[in-house]
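Comments concern the structure below.
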Amino acid sequence: MTSRPRRNTTLRDEQVAQTRAALVAAGRSLFGRQGYTATSVEDLAREARVTTGALYHHFPTKTALFETVFEQVHTELLTSSADAASQAPDEIAALGVGFEAFLDGMLIPDVQRILVTDAPAVLGLARFTELDERYAFATIAAELKAAAEAGRLRADDPDTLARLLLGALTRGSMLIAQSPTPHEARDAVVKSLRLLLSGLTA
């Protein structure tokens, strides 16, 4: 008698998770392809093959769905950047490689549109900054602290330095997005960040 409710609950949970995943996938596709403003709630529901009521059951607003998509794309890009950095010989080199990999992501149209073209306006600067720091700050700060402890970095306040570097990375991403020649802008930003990092080495 007790096993049937558990099976029903599990099936219900799976259906809920599948619907939510379909909505996030629809958001990523449409927000990335045509942008937040040009994407309607009806477009999202149609793409996900659900009703608008189902969409609002999972996400109270279109902005809430966009935020979830932003977090997914940002996390994926940071993960790929960390994977690239893991092969570097030391912490400072790891930051350089990781920054470069992150900026490479800004050359991908849907990633660029979601993360830097639409996100600051859609989420608001305060929320955008909060999410940006939530997923990137700890990694950057940890690398800086490790480098300082190993004597490879001059940094009395690694946390503040991490936030400044993250700000430079975010602004560099915007420069790439706004440039008529994004590949050249990417190279210029990478070069400047590497010079900045080299100036910090002990």
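We label chains A, B, ... in the order they appear in the structure tokens, count residues from 1 in each chain, and number ligands from 1 in the order shown.
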
Just want the 9 Å neighbourhood of stretch 99-106 of chain A, counted on only C-alpha atoms, with same-chain residues fewer than 4 positions away dropped. Output as a ChimeraX atom specification.
/A:77-78,80-82,84-85,94-95,110-113,115-116,169,172-174,176-177,182-183,186-187,189-190,193-194

Please produce a file of those selected residues containing N, CA and C atoms, as a PDB file, in the first residue's frame.
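Result saved to part18.pdb:
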```pdb
ATOM      1  N   LEU A  77      29.833  28.002 -19.169  1.00  0.00           N
ATOM      2  CA  LEU A  77      31.023  28.693 -19.664  1.00  0.00           C
ATOM      3  C   LEU A  77      32.124  28.700 -18.617  1.00  0.00           C
ATOM      4  N   LEU A  78      31.758  28.916 -17.369  1.00  0.00           N
ATOM      5  CA  LEU A  78      32.758  28.903 -16.300  1.00  0.00           C
ATOM      6  C   LEU A  78      33.356  27.508 -16.117  1.00  0.00           C
ATOM      7  N   SER A  80      33.743  25.196 -18.507  1.00  0.00           N
ATOM      8  CA  SER A  80      34.688  24.970 -19.608  1.00  0.00           C
ATOM      9  C   SER A  80      35.958  25.786 -19.412  1.00  0.00           C
ATOM     10  N   SER A  81      35.833  26.980 -18.840  1.00  0.00           N
ATOM     11  CA  SER A  81      37.009  27.810 -18.558  1.00  0.00           C
ATOM     12  C   SER A  81      37.876  27.161 -17.490  1.00  0.00           C
ATOM     13  N   ALA A  82      37.236  26.614 -16.464  1.00  0.00           N
ATOM     14  CA  ALA A  82      37.980  25.933 -15.398  1.00  0.00           C
ATOM     15  C   ALA A  82      38.679  24.686 -15.927  1.00  0.00           C
ATOM     16  N   ALA A  84      39.821  24.262 -18.945  1.00  0.00           N
ATOM     17  CA  ALA A  84      40.990  24.725 -19.701  1.00  0.00           C
ATOM     18  C   ALA A  84      42.109  25.151 -18.758  1.00  0.00           C
ATOM     19  N   ALA A  85      41.730  25.837 -17.670  1.00  0.00           N
ATOM     20  CA  ALA A  85      42.728  26.355 -16.732  1.00  0.00           C
ATOM     21  C   ALA A  85      43.402  25.252 -15.926  1.00  0.00           C
ATOM     22  N   ALA A  94      46.854  29.851 -14.703  1.00  0.00           N
ATOM     23  CA  ALA A  94      45.501  29.295 -14.748  1.00  0.00           C
ATOM     24  C   ALA A  94      44.461  30.398 -14.928  1.00  0.00           C
ATOM     25  N   LEU A  95      44.664  31.516 -14.242  1.00  0.00           N
ATOM     26  CA  LEU A  95      43.733  32.632 -14.410  1.00  0.00           C
ATOM     27  C   LEU A  95      43.772  33.152 -15.838  1.00  0.00           C
ATOM     28  N   ASP A 110      24.875  33.129 -29.321  1.00  0.00           N
ATOM     29  CA  ASP A 110      23.821  32.995 -28.320  1.00  0.00           C
ATOM     30  C   ASP A 110      24.346  33.218 -26.909  1.00  0.00           C
ATOM     31  N   VAL A 111      25.568  32.775 -26.650  1.00  0.00           N
ATOM     32  CA  VAL A 111      26.185  33.007 -25.345  1.00  0.00           C
ATOM     33  C   VAL A 111      26.385  34.507 -25.121  1.00  0.00           C
ATOM     34  N   GLN A 112      26.902  35.169 -26.116  1.00  0.00           N
ATOM     35  CA  GLN A 112      27.129  36.608 -26.018  1.00  0.00           C
ATOM     36  C   GLN A 112      25.824  37.359 -25.780  1.00  0.00           C
ATOM     37  N   ARG A 113      24.789  36.996 -26.529  1.00  0.00           N
ATOM     38  CA  ARG A 113      23.522  37.708 -26.402  1.00  0.00           C
ATOM     39  C   ARG A 113      22.922  37.542 -25.002  1.00  0.00           C
ATOM     40  N   LEU A 115      24.470  36.446 -22.065  1.00  0.00           N
ATOM     41  CA  LEU A 115      25.296  36.827 -20.917  1.00  0.00           C
ATOM     42  C   LEU A 115      25.624  38.302 -20.830  1.00  0.00           C
ATOM     43  N   VAL A 116      25.871  38.953 -21.955  1.00  0.00           N
ATOM     44  CA  VAL A 116      26.343  40.339 -21.854  1.00  0.00           C
ATOM     45  C   VAL A 116      25.503  41.361 -22.613  1.00  0.00           C
ATOM     46  N   LEU A 169      37.023  41.421 -16.522  1.00  0.00           N
ATOM     47  CA  LEU A 169      36.604  40.337 -17.410  1.00  0.00           C
ATOM     48  C   LEU A 169      35.206  40.609 -17.964  1.00  0.00           C
ATOM     49  N   GLY A 172      35.437  43.463 -20.388  1.00  0.00           N
ATOM     50  CA  GLY A 172      36.058  42.967 -21.614  1.00  0.00           C
ATOM     51  C   GLY A 172      35.078  42.193 -22.470  1.00  0.00           C
ATOM     52  N   SER A 173      34.216  41.410 -21.825  1.00  0.00           N
ATOM     53  CA  SER A 173      33.187  40.669 -22.544  1.00  0.00           C
ATOM     54  C   SER A 173      32.240  41.625 -23.267  1.00  0.00           C
ATOM     55  N   MET A 174      31.909  42.715 -22.616  1.00  0.00           N
ATOM     56  CA  MET A 174      31.025  43.705 -23.235  1.00  0.00           C
ATOM     57  C   MET A 174      31.697  44.397 -24.417  1.00  0.00           C
ATOM     58  N   ILE A 176      33.815  43.063 -26.415  1.00  0.00           N
ATOM     59  CA  ILE A 176      33.751  42.104 -27.519  1.00  0.00           C
ATOM     60  C   ILE A 176      32.355  42.122 -28.147  1.00  0.00           C
ATOM     61  N   ALA A 177      31.330  42.126 -27.297  1.00  0.00           N
ATOM     62  CA  ALA A 177      29.955  42.099 -27.787  1.00  0.00           C
ATOM     63  C   ALA A 177      29.608  43.349 -28.576  1.00  0.00           C
ATOM     64  N   PRO A 182      34.687  41.508 -33.469  1.00  0.00           N
ATOM     65  CA  PRO A 182      34.775  40.844 -32.162  1.00  0.00           C
ATOM     66  C   PRO A 182      36.029  40.013 -31.963  1.00  0.00           C
ATOM     67  N   HIS A 183      36.547  39.366 -33.009  1.00  0.00           N
ATOM     68  CA  HIS A 183      37.759  38.563 -32.831  1.00  0.00           C
ATOM     69  C   HIS A 183      38.954  39.447 -32.490  1.00  0.00           C
ATOM     70  N   ARG A 186      38.489  40.581 -28.945  1.00  0.00           N
ATOM     71  CA  ARG A 186      38.828  39.502 -28.031  1.00  0.00           C
ATOM     72  C   ARG A 186      40.332  39.422 -27.826  1.00  0.00           C
ATOM     73  N   ASP A 187      41.113  39.504 -28.912  1.00  0.00           N
ATOM     74  CA  ASP A 187      42.571  39.440 -28.803  1.00  0.00           C
ATOM     75  C   ASP A 187      43.118  40.604 -27.982  1.00  0.00           C
ATOM     76  N   VAL A 189      41.518  42.334 -25.634  1.00  0.00           N
ATOM     77  CA  VAL A 189      41.140  42.165 -24.235  1.00  0.00           C
ATOM     78  C   VAL A 189      42.022  41.110 -23.569  1.00  0.00           C
ATOM     79  N   VAL A 190      42.250  39.999 -24.247  1.00  0.00           N
ATOM     80  CA  VAL A 190      43.111  38.946 -23.704  1.00  0.00           C
ATOM     81  C   VAL A 190      44.507  39.485 -23.425  1.00  0.00           C
ATOM     82  N   LEU A 193      44.462  41.773 -20.337  1.00  0.00           N
ATOM     83  CA  LEU A 193      44.300  41.035 -19.081  1.00  0.00           C
ATOM     84  C   LEU A 193      45.574  40.278 -18.714  1.00  0.00           C
ATOM     85  N   ARG A 194      46.247  39.729 -19.706  1.00  0.00           N
ATOM     86  CA  ARG A 194      47.496  39.013 -19.420  1.00  0.00           C
ATOM     87  C   ARG A 194      48.572  39.989 -18.930  1.00  0.00           C
TER      88      ARG A 194
END
```

Report the residues of stretch 5-191 of chain A whose backbone DSSP state falls under alpha helix (DSSP H), written as an MDAnalysis selection string.
chainID A and resid 5:34 41:48 52:58 62:85 91:105 109:112 119:123 125:149 158:178 182:191

Counting only C-alpha atoms, which residues in stretch 125-154 of chain A sit no more than 12 Å from stretch 63-71 of chain A? For each one, give the nearest pair of atoms and the distance in Å, sorted by chain then residue number, as CSV.
```
residue,atom,partner,partner_atom,distance
A:Arg127,CA,A:Glu67,CA,9.5
A:Phe128,CA,A:Glu67,CA,9.1
A:Glu130,CA,A:Glu71,CA,11.2
A:Leu131,CA,A:Glu71,CA,7.5
A:Asp132,CA,A:Glu71,CA,8.8
A:Glu133,CA,A:Glu71,CA,11.4
A:Arg134,CA,A:Glu71,CA,9.8
A:Tyr135,CA,A:Glu71,CA,8.5
A:Ala136,CA,A:Glu71,CA,11.4
```

Using atom CA of A:Leu196 and atom CA of A:Glu149 as the two end points, give the distance in Å to one decimal.
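Distance between the two atoms: 19.4 Å.
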
Residue neighbourhood A:Ala141, 7 Å, only C-alpha atoms, exclusion window fewer than 5 positions, as JSON, numbers by chain:
{"A": [158, 159, 162]}

Could the residues in this selection be written to a file with all heavy atoms, as a PDB file, in the first residue's frame?
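This went into selection33.pdb:
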```pdb
ATOM      1  N   PRO A 158      43.348  39.709  -1.617  1.00  0.00           N
ATOM      2  CA  PRO A 158      42.949  38.908  -2.783  1.00  0.00           C
ATOM      3  C   PRO A 158      41.460  39.003  -3.129  1.00  0.00           C
ATOM      4  O   PRO A 158      41.096  38.930  -4.298  1.00  0.00           O
ATOM      5  CB  PRO A 158      43.337  37.485  -2.387  1.00  0.00           C
ATOM      6  CG  PRO A 158      44.418  37.654  -1.368  1.00  0.00           C
ATOM      7  CD  PRO A 158      44.045  38.887  -0.615  1.00  0.00           C
ATOM      8  N   ASP A 159      40.607  39.169  -2.120  1.00  0.00           N
ATOM      9  CA  ASP A 159      39.171  39.237  -2.399  1.00  0.00           C
ATOM     10  C   ASP A 159      38.819  40.477  -3.219  1.00  0.00           C
ATOM     11  O   ASP A 159      38.062  40.402  -4.198  1.00  0.00           O
ATOM     12  CB  ASP A 159      38.372  39.235  -1.093  1.00  0.00           C
ATOM     13  CG  ASP A 159      38.304  37.853  -0.457  1.00  0.00           C
ATOM     14  OD1 ASP A 159      38.754  36.876  -1.091  1.00  0.00           O
ATOM     15  OD2 ASP A 159      37.807  37.761   0.681  1.00  0.00           O
ATOM     16  N   ALA A 162      40.173  40.047  -6.655  1.00  0.00           N
ATOM     17  CA  ALA A 162      39.340  39.123  -7.436  1.00  0.00           C
ATOM     18  C   ALA A 162      38.132  39.845  -8.022  1.00  0.00           C
ATOM     19  O   ALA A 162      37.772  39.626  -9.187  1.00  0.00           O
ATOM     20  CB  ALA A 162      38.891  37.961  -6.567  1.00  0.00           C
TER      21      ALA A 162
END
```

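Close contacts of A:Arg49, defined as residues with an atom at most 10 Å away when counting only C-alpha atoms, with chain neighbours fewer than 6 positions off set aside, comprise Thr19, Ala22, Leu23, Ala26 and Asp43 of chain A.
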
Using only C-alpha atoms, find the one residue out of A:Asp118, A:Ala48, A:Ala21, A:Gln15 that sits nearest to A:Gln178.
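Closest candidate: A:Asp118.
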